[in-house]
Each structure stands twice: as structure tokens, then as C-alpha cells.
Amino acid sequence: MTADHTQLLIGGVWTAPSSQNRITVRSASTEEVIGSVPEASNADVDAAVAAARRAFDDPTGWATWDASRRADVLDRLAAEYEKRAEQMYAAISAQNGMPIAIARQLESFPPLLFRYYADLVRKQPVEDVRDGILASTVTVRRSPVGVVAAIVPWNVPQSLTATKLAPGLAAGCTFVVKPSPETVLDAYLLAEASIAAGVPEGVISIVPGGRDLGAYLVSHPGIDKVAFTGSTAGGRAVAQACAGLLRPVSLELGGKSAAIVLDDADLDLARVGQSLFGATLANNGQVCFLGTRVLAPRNRYDEVVDAFTALISNAPVGDSLDESTLIGPMASSTQRDRVHGYIERGAAEGARVVVGGAGRPDGLDHGWFVRPTLFADLDNHATVAREEIFGPVLSVIPYGSDAEAVAIANDSDYGLGGSVWSTDPERATSVANAVHTGTIGINGYLPDPQGPFGGVKASGIGKEFGPEGLAAYQQLKSVYRFD
Ligand code: NAD
């Protein structure tokens, strides 16, 4: 059965699209058509921005509501998402190849984030009054930033959308969301949830489309802020457009993080296998923060290679909707070809292929599968150690001392995630502190909503999650009193 939608959510209302163009979605595992949606046109974006603008500028509307009233809407949105959670996981898994068991973890963030920001904004005063140095008092007043263009990729579509919607809605912003063409069916479930939750008219629009539609939205005169998650190349183009317009923009981009295994690390897979897998291979390697450069001490190099060989060889590869699958297909044929190209390049540059290599996994004749691959005996200059592959491909790079491990970790254009594996908490902390990255885990990795998440260097600008994520959707005004 396919899911075929005929309307667009424009200004929170189901609306006939202005063009006949459609986006057809195929299963990443079977390549069969599983649904289709209208492709939004520039005219649909105009209508969505106009609705968001009207809702934001309404003198008694959403942006002016008491924060607790908006928080109640967010709580209802969380509940409506939960009602559709299994449908969401299945839709995402079928479209982008995320194993269903992993979707239950990585795509469970939305309700958590809607509630987290609802609580945060309920407790946050609209104003702080400070004693002045030159004035008698300074009142610092928070207000929402305005109409937000949220542009999201296909790899973890709903959690990445909620990362923007939750703090932005809590702050009082209105949204035009552009999902990736690869993952549009889940966006319709979000649209249904937002209507069921009673999100007021104008506050959320969803415009499915590709890069050109995204570029049109980013530069639209009615937009006040852009929140972008995607590739570093896409982020640069968005940043350039925003620079010309002096438009605030947050950029969550690519990564090539290091998983640093210290020489006292526990490598017993019965104890640490699941955490190691989550930090390096989750979602078929299609996650921005994964530690895809595994740094291994020379005196335990073979042991580390053996541990990752077992981790990869034991992970069932198959249809993403199969409960036992741990590694599914790539999200698209383009992505499959890209990852395949990197696997060939790694071998051509002289890295040893320990597991995997070019070609399809045995027995999988359909779907955009690659063979999960482990490279060894390479250094940090290899192309596969420098560029983001976005597939189940790891490189084990040797180092001598902790200081050398940190230097290799920092020798990267990127700085988004990473992890340190050690049985000595102090030593692990000191290595983690020395890595130039936006986030890092010790003996595991998963972003926690309490802490700001974001990259340094080519991994982006700005923070999501935590109170800092709310601040990104608020502007501050200082009122100086002299009486
Ligand atoms: P992509 O940059 O091709 O596309 C991302 C989104 O941006 C899509 O919706 C796309 O249509 C849109 N887009 C692309 N170019 C645009 C432009 N010039 N103007 C406006 N919109 C544009 O990325 P992708 O291949 O869909 O996603 C994978 C990338 O996303 C990886 O590099 C990954 O590391 C990154 N990512 C980063 C984070 C993070 O939090 N840092 C999280 C997930 C994914």
C-alpha cells in the first residue's frame, strides 16, 4: 500500500498545491514506490511565508501569547507525535533505510524536545531587571526572532525538525519547514500531528521540495531567520545567501569525528559493543556526529581492529523494516554510489580492507545497499579519513601517545562529535577536553537535550538543544531607565 498525498500544509491548513509536480518516494530497501506527495512550488512558499508572517505579526497572535499557553500547545504536539510514533518510525525507516530498531531511538527525540522546551519556557521570565552601571536599571526583554525557515536533511528527519520547531515554537516563532525530498512521508504525519494538537493557523507550514526550493525559501523577503541542517556545501551556500541579507542563520553541518580508544579501554563487546556501535555506525553511518575515524593505540592496534571487525561482521545487514537489522541500505541510489566511490577510493589509496569492500552484500539484490567496510593500516591523510562518507565505513588509524591521538583528532576540517574510550575517567576527561569539537562522549555518544549541540570549524555555526537552543530563537532588547 502506498501513501499518496494530494494537499500541502500551508499556514496550518490543508491546501491544494499550485503545481502538478509530485515527489515520488521509493523504499530504500526494495526500491519499490511507497508513496508520493505534491512538490511545493515557489508560489506555495510565497503563500506559506505570507501565512507565517501574518500569524507572527498578529498583535494578539501566537508570538504575543503568554509562554505557558504556547507550552500547552507543545505538550499536545508531543502527545500527538507519540500517538503516531510507530507510523513515524516505519515511514522514516522505509524511506531512508534507518533500521527500525534504531529509528525507535534516534527518532524518539521530538516529544522529548517539545516537552523540554515547554517546561523551559514556562519557567523563563520574559524580562530580567539588572542594576545599571550608568543607568539606574537595565531591563533585558526577550522576544521571538520571527518567521523561521527550517531546512532539514533526510538522515534523521523528524528529530532534526523538532530540534528547530521545539525551541522556536516555545519562543513564539512561526515556521516554514522544508523537508528533504527523500523523506516527505513522515513530514505528513507531523503535519497531521500539528493539526490534531491545535497548533494555530499560520504557525507551521511544510513545503516539500529540493535544493532550489530551499534556496528560494532562504532568500525570501518574509523570513527573519534560517535554521539549516545539512551538508557543509549546502551550509556554505545558505550562509552566503544569508550574509547578503544580514539574516541570522544557524548551521548544523557535516562531520568526521574521532572515536579515540585509549590503551586502557574496555574492548569486551559483550559490555561495550552496543555503545561502540551507536557512536560509530548508527543509522548505517548516516549520522553527522559519528566517530568514523577510530584512533587506536599502536600497542593494542590489532585488538581494536579485531573488535571493530567483529562489530561490523556481527551486525545483521538487511531490510530496514526487519526488527533484527542493524545496518540497512543507503537512503538513495545517489548516496549508495557516493559511499561506494569512497570504498573504492580507500582501497585504491592503499588502505587494507579488513571487512567489506566494493560491491553489494551477498543475497541483497534490491535496495541501495553497500557492504559495511572497515579500513586499517592507513593514516589520517587518506581521503576516507578526511572526507565525510555518510555510510557504514570506518577507518582505524594508529597513534602512539594520548597527545598524538588528540593531535590526529584535531587534524580535521570538521569538529562536531567524537568519543573517548577508557577505564580511567580522569584521563578520558582530559583527552575529551583537548579535542576541538562541539560535543564529545565518554564511553558512549548520544546528544543529550540538556547540553548545547553544534559544531566548530566546517561543522557549523550556532547551537541547538539546551537553554542555548531556546536563546537562538529569541532576540534581546535592553531598556535603560534613568528615572
Ligand atoms: P544537503 O545539504 O544536500 O541537504 C540538506 C537540506 O538542505 C535538504 O533539505 C536540501 O534540499 C537543502 N538544501 C541543499 N542545498 C541548499 C541550498 N543551497 N539552499 C537551501 N537549501 C538547500 O544534505 P543531505 O545530503 O540531505 O544531508 C546529509 C548532510 O547533513 C551530511 O553532511 C550530514 O553530516 C549533515 N547533517 C548534519 C547534522 C548536524 O546536526 N550537524 C545533522 C544531520 C545531518
# chains A, B, ... in the order shown; residues from 1 in each chain; ligands from 1
call {"tool": "residues_near_ligand", "arguments": {"ligand": "ligand 1", "cutoff": "7 Å", "atoms": "only C-alpha atoms and all ligand atoms", "output": "ChimeraX atom specification"}}
result
/A:151-156,160,178-181,209-215,218,228-235,237-238,252-255,287-289,388,390,416,454-455,459-460
call {"tool": "select_by_dssp", "arguments": {"residues": "region 321-352 of chain A", "states": "alpha helix (DSSP H)", "output": "number ranges by chain"}}
result
A: 333-348
call {"tool": "write_last_selection", "arguments": {"atoms": "C-alpha atoms", "output": "PDB file, in the first residue's frame"}}
result
ATOM      1  CA  SER A 333      20.941   5.459  -5.177  1.00  0.00           C
ATOM      2  CA  THR A 334      22.992   8.701  -5.266  1.00  0.00           C
ATOM      3  CA  GLN A 335      24.080   8.173  -1.688  1.00  0.00           C
ATOM      4  CA  ARG A 336      24.845   4.494  -2.399  1.00  0.00           C
ATOM      5  CA  ASP A 337      27.046   5.486  -5.372  1.00  0.00           C
ATOM      6  CA  ARG A 338      28.824   8.120  -3.296  1.00  0.00           C
ATOM      7  CA  VAL A 339      29.622   5.711  -0.448  1.00  0.00           C
ATOM      8  CA  HIS A 340      30.635   3.029  -2.923  1.00  0.00           C
ATOM      9  CA  GLY A 341      33.020   5.519  -4.561  1.00  0.00           C
ATOM     10  CA  TYR A 342      34.696   6.183  -1.197  1.00  0.00           C
ATOM     11  CA  ILE A 343      35.071   2.449  -0.528  1.00  0.00           C
ATOM     12  CA  GLU A 344      36.827   2.043  -3.885  1.00  0.00           C
ATOM     13  CA  ARG A 345      38.972   5.127  -3.258  1.00  0.00           C
ATOM     14  CA  GLY A 346      40.102   3.933   0.192  1.00  0.00           C
ATOM     15  CA  ALA A 347      41.287   0.637  -1.270  1.00  0.00           C
ATOM     16  CA  ALA A 348      42.900   2.356  -4.277  1.00  0.00           C
TER      17      ALA A 348
END
call {"tool": "closest_residue", "arguments": {"among": "A:Asn42, A:Gln95, A:Gln274, A:Gln20", "to": "Thr2 (chain A)", "atoms": "only C-alpha atoms"}}
result
A:Gln95
call {"tool": "residues_around", "arguments": {"residues": "Ser478 (chain A)", "least_positions_apart": "4", "cutoff": "12 Å", "atoms": "only C-alpha atoms", "output": "PyMOL selection string"}}
result
chain A and resi 127-130+132+135+137-143
call {"tool": "residues_around", "arguments": {"residues": "region 312-327 of chain A", "least_positions_apart": "4", "cutoff": "7 Å", "atoms": "only C-alpha atoms", "output": "ChimeraX atom specification"}}
result
/A:29,90,93-94,97-101,283-284,308,372
call {"tool": "residues_around", "arguments": {"residues": "region 439-453 of chain A", "least_positions_apart": "5", "cutoff": "10 Å", "atoms": "only C-alpha atoms", "output": "ChimeraX atom specification"}}
result
/A:106,109,112-113,116-117,163,252,257-261,265-266,272,274-280,289-291,415-423,425,428-429,431-433,462-469
call {"tool": "residues_around", "arguments": {"residues": "region 189-202 of chain A", "least_positions_apart": "2", "cutoff": "7 Å", "atoms": "only C-alpha atoms", "output": "ChimeraX atom specification"}}
result
/A:9,11-13,51-52,55,73,76-77,80-81,88,185-187,204
call {"tool": "closest_residue", "arguments": {"among": "A:Val479, A:Val184, A:Val176, A:Leu374", "to": "His5 (chain A)", "atoms": "only C-alpha atoms"}}
result
A:Val184
call {"tool": "closest_residue", "arguments": {"among": "A:Ala270, A:Ile408, A:Asp402, A:Thr309", "to": "Phe375 (chain A)", "atoms": "only C-alpha atoms"}}
result
A:Thr309
call {"tool": "residues_around", "arguments": {"residues": "Lys256 (chain A)", "least_positions_apart": "5", "cutoff": "7 Å", "atoms": "only C-alpha atoms", "output": "NGL selection string"}}
result
:A and (291-293 or 386-388 or 414)
call {"tool": "write_last_selection", "arguments": {"atoms": "C-alpha atoms", "output": "JSON list (two decimals), in the first residue's frame"}}
result
[["chain", "number", "residue", "atom", "x", "y", "z"],
["A", 291, "GLY", "CA", 33.19, 8.78, 15.19],
["A", 292, "THR", "CA", 34.15, 7.37, 11.81],
["A", 293, "ARG", "CA", 37.88, 7.79, 12.41],
["A", 386, "ARG", "CA", 39.39, 13.31, 5.77],
["A", 387, "GLU", "CA", 36.04, 13.45, 3.96],
["A", 388, "GLU", "CA", 32.60, 12.73, 5.33],
["A", 414, "TYR", "CA", 35.37, 19.27, 10.96]]
call {"tool": "atom_distance", "arguments": {"atom1": "CA of Ala166 (chain A)", "atom2": "CA of Thr24 (chain A)"}}
result
28.5 Å
call {"tool": "closest_residue", "arguments": {"among": "A:Asp4, A:Glu86, A:Asp44, A:Asp306", "to": "Val355 (chain A)", "atoms": "only C-alpha atoms"}}
result
A:Asp306
call {"tool": "select_by_dssp", "arguments": {"residues": "region 300-403 of chain A", "states": "strand (DSSP E)", "output": "list in words"}}
result
Arg352, Val353, Val354, Val355, Thr373, Leu374, Phe375, Ala376, Val393, Leu394, Ser395, Val396, Ile397, Pro398 and Tyr399 of chain A
call {"tool": "write_last_selection", "arguments": {"atoms": "N, CA, C and O atoms", "output": "compact mmCIF listing (two decimals), in the first residue's frame"}}
result
# COMPACT_ATOMS: atom_id res chain seq x y z
N ARG A 352 44.09 -1.13 3.91
CA ARG A 352 43.74 -2.56 3.92
C ARG A 352 42.25 -2.71 4.19
O ARG A 352 41.73 -2.12 5.16
N VAL A 353 41.57 -3.45 3.32
CA VAL A 353 40.14 -3.70 3.53
C VAL A 353 40.03 -4.92 4.44
O VAL A 353 40.31 -6.04 4.03
N VAL A 354 39.62 -4.67 5.70
CA VAL A 354 39.56 -5.78 6.66
C VAL A 354 38.23 -6.53 6.53
O VAL A 354 38.19 -7.75 6.56
N VAL A 355 37.15 -5.78 6.41
CA VAL A 355 35.82 -6.37 6.17
C VAL A 355 35.17 -5.53 5.07
O VAL A 355 35.44 -4.34 4.98
N THR A 373 32.11 -1.56 5.73
CA THR A 373 33.53 -1.72 5.42
C THR A 373 34.42 -1.15 6.52
O THR A 373 34.14 -0.08 7.07
N LEU A 374 35.48 -1.91 6.82
CA LEU A 374 36.48 -1.45 7.79
C LEU A 374 37.83 -1.34 7.09
O LEU A 374 38.31 -2.30 6.48
N PHE A 375 38.43 -0.15 7.17
CA PHE A 375 39.78 0.07 6.64
C PHE A 375 40.78 0.10 7.78
O PHE A 375 40.51 0.70 8.83
N ALA A 376 41.94 -0.54 7.56
CA ALA A 376 43.03 -0.47 8.54
C ALA A 376 44.32 -0.10 7.80
O ALA A 376 44.35 -0.03 6.57
N VAL A 393 31.21 2.95 6.96
CA VAL A 393 32.62 2.80 6.59
C VAL A 393 33.47 3.43 7.69
O VAL A 393 33.35 4.63 7.97
N LEU A 394 34.31 2.60 8.32
CA LEU A 394 35.17 3.09 9.40
C LEU A 394 36.64 2.90 9.02
O LEU A 394 36.99 1.97 8.31
N SER A 395 37.48 3.80 9.55
CA SER A 395 38.93 3.69 9.35
C SER A 395 39.60 3.62 10.70
O SER A 395 39.30 4.44 11.58
N VAL A 396 40.48 2.62 10.89
CA VAL A 396 41.21 2.53 12.17
C VAL A 396 42.62 3.07 11.95
O VAL A 396 43.40 2.51 11.17
N ILE A 397 42.92 4.17 12.63
CA ILE A 397 44.18 4.91 12.43
C ILE A 397 45.04 4.76 13.69
O ILE A 397 44.55 5.02 14.80
N PRO A 398 46.29 4.35 13.54
CA PRO A 398 47.13 4.13 14.73
C PRO A 398 47.73 5.43 15.29
O PRO A 398 47.97 6.38 14.54
N TYR A 399 47.97 5.44 16.61
CA TYR A 399 48.68 6.57 17.24
C TYR A 399 49.58 6.02 18.34
O TYR A 399 49.44 4.87 18.78
call {"tool": "closest_residue", "arguments": {"among": "A:Ala351, A:Ala16, A:Ala28, A:Val126", "to": "Ala385 (chain A)", "atoms": "only C-alpha atoms"}}
result
A:Ala351
call {"tool": "closest_residue", "arguments": {"among": "A:Val384, A:Val294, A:Ile102, A:Ile92", "to": "Ala307 (chain A)", "atoms": "only C-alpha atoms"}}
result
A:Val294
